[in-house]
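Engineer: Just dropping this structure here.
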Amino acid sequence: MRNVLVAGIGSTTFGRHTDVDIQVLAARAADVAIKDSGLSRDAVGALYLGNFISGPLTGQEVLAGLVADSLGLPQIPCSKMEGACASGGIAFRHAYLAVASGTCDVALAVGVEKMTHADTAATTAALNCAMDNRSDGISGLTFPGLFGLAWQVHADRYGTTRAQVSSVVRKNKANGLLNPLAQMGMELTDDQIIQSPLICDPLRLFDCCPTSDGAAAVLLIAEDRLQEVAADAIRIMAAVQTRGSARIAGHPDLCSFDATVSASRLAYQQAGIQASDVDFVELHDCFSIAEIIDTEDLGIIPRGHGGRYAAEGRTQVGGDRPINPSGGLLSKGHPVGATGVGQIYEAVLQLRGQHANQVKNAGIGMTHNLGGTGVACSVNILKRLDA
Amino acid sequence: MEVCSVPGRGKLVSWTIIRRPPTRFRAKGPYTIAVVDLDAGVRLTGRLASVSENIKPGADVAFVGMDDATYLFEERAA
């Protein structure tokens with residue numbers, strides 16, 4: 001398989017876009033990505049769109065084709081990828097495969113979701129589609145609940161404290177303040193966090209990522225056409241996707257996601273690197289405790305030490321293991337289908353040296369996107385061409 | 001495959017209290033979700049009838065019946 005580059009990136013802000021139709025949101029992000037690359041839209045050979053619940057929440061499906069239509073793309077294959085919260089990462093990987101395999105030279109990956117217009121009941125019901133309804137949904141479990149379960153085990157086994165988990169919330173919310181795409185960044189104190197309402201013991205309101213509207217897009221090109229690219233191109237070193245248990249009871253360990261472990265090991269192997277070579281990670285902090293678990297599953301931080309490293313400031317932008325310099329899902333919110341592609345956008349900005357929360361000398365970045373109860377995981381490794 | 005019965009005794013793997021239930025469970029809330037490892041070697045998701053102050057992972061639990069379509073457990077003495 002041949003080398004593939006990210007040639008262009010685009011994103012809307014993540015927040016409230018109540019008056020913008022979902023396909024327009026997606027087309028705007030894609031339009032920016034195409035213009036960023038300097039390529040003509042006639043060059044696009046395939047479109048992959050990540051989206052989870054456009055049908056239930058907007059009444060609109062067939063989004064991949066609709067967006068291509070809005071963009072005036074040629075009569076190319078347009079496909080929707082769905083893997084709950086990993087939909088965007090899955091779309092990215094399929095765009096990568098289309099180019100790497102030689103099927104086409106240029107492919108577009110777009111992620112989009114519109115959620116803020118819907119009432120809480122409708123949103124919760126739609127999000128719960130990502131759970132195995134026979135074994136877990138039937139008990140009244142929710143996604144915050146899944147992470148409440150995981151947190152109890154992590155605390156009992158490793159001694160992870162409320163204060164350590166709060167340090168993740170404070171860091172990501174603070175990082176979000178400087179990210180122009182993030183609408184939910186804020187200065188938070190530990191007191192404010194522990195006074196926020198309990199959602200699923202021990203998770204509180206500020207431990208949860210907000211719902212959000214948004215779209216992000218990336219244009220990929222075969223590396224042998226590098227000279228046509230206007231922007232700083234970034235090389236994709238690995239784009240891995242794995243499966244994990246669809247039921248909570250199927251997880252070998254309640255505070256680890258086996259799909260993340262397997263995807264990251266394969267990604268390091270494909271990229272020919274080790275965890276210590278990664279300069280920053282944009283990972284799936286759908287909840288505060290998720291970031292701690294993810295850093296351990298990815299092999300970035302030793303098992304059981306995720307809370308401690310966060311509390312010691314080591315996962316700050318200037319720390320030795322920068323995690324979610326963008327502010328993550330906690331401050332960008334989680335427009336479900338857009339998140340995985342949004343992470344690629346943030347990683348590319350870092351590797352171009354243009355991020356608002358720039359990690360010094362960022363040469364290699366990793367993204368991690370996890371779907372449902374860990375049933376799908378996408379891990380990608382990106383590298384600056386001169387790194 | 002054949003249907004068989006197993007004793008409802010097991011150990012609590014983890015629990016959480018759902019304080020913001022989905023709509024169709026709103027009348028039941030707040031309720032406690034439990035993941036239980038039955039001694040028989042099966043792990044399943046259900047509910048705890050009540051949560052004691054000092055409950056910890058590994059606590060002994062026993063099946064006490066179905067709550068609608070969900071397995072209901074209670075803490076028990078060892």
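In the structure tokens, the first chain shown is A, the next is B, and so on; residue numbers restart at 1 for each chain, and ligands run from 1 in the order shown.
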Using only C-alpha atoms, determine which residues lie at most 10 Å from Pro22 of chain B, disregarding the query and same-chain residues fewer than 5 positions distant; provide the list as a PyMOL selection string.
Structural biologist: (chain A and resi 120-125+128+137+140-142) or (chain B and resi 27+29)
Engineer: Given a cut-off of 9 Å, which residues of chain A touch chain B, counting only C-alpha atoms, written out as JSON, numbers by chain?
Structural biologist: {"A": [120, 121, 122, 124, 125, 128, 135, 136, 138, 139, 140, 141, 142, 144, 145, 146, 147, 148, 149, 150, 151, 152, 153, 156, 198, 199, 200, 201, 202, 247, 248, 249, 250, 254]}
Engineer: Please return as a ChimeraX atom specification: the residues of segment 124-362 of chain A that backbone DSSP assigns to alpha helix (DSSP H).
Structural biologist: /A:124-127,143-158,162-178,190-195,258-271,288-297,306-311,328-332,336-351
Engineer: May I have the residues within 12 Å of Gly41 of chain B as an NGL selection string, using only C-alpha atoms and disregarding those fewer than 5 positions away in the same chain?
Structural biologist: (:A and (249)) or (:B and (6-11 or 36))
Engineer: Which polymer residues have any atom within 9 Å of an atom of Ser54 of chain A, counting only C-alpha atoms, with same-chain residues fewer than 3 positions away left out, as a CSV table (one decimal) with C-alpha atoms, in the first residue's frame?
Structural biologist:
chain,number,residue,atom,x,y,z
A,22,ILE,CA,-26.9,19.2,8.8
A,51,ASN,CA,-22.4,10.2,11.2
A,57,LEU,CA,-32.5,13.5,15.3
A,58,THR,CA,-32.9,15.4,12.0
A,59,GLY,CA,-35.0,13.0,9.9
A,60,GLN,CA,-32.2,13.1,7.2
A,61,GLU,CA,-30.3,10.1,6.0
A,63,LEU,CA,-26.0,12.3,4.0
A,112,VAL,CA,-20.9,15.6,11.1
A,113,GLU,CA,-23.6,15.6,13.8
A,114,LYS,CA,-26.5,17.9,14.8
A,115,MET,CA,-27.9,17.3,18.3
Engineer: Choose the residue, out of A:Val106, A:Ala68, A:Val62, A:Val165, that has the smallest atom-to-atom separation from Lys80 of chain A; count only C-alpha atoms.
Structural biologist: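 Closest to Lys80 of chain A, using only C-alpha atoms: A:Val62.
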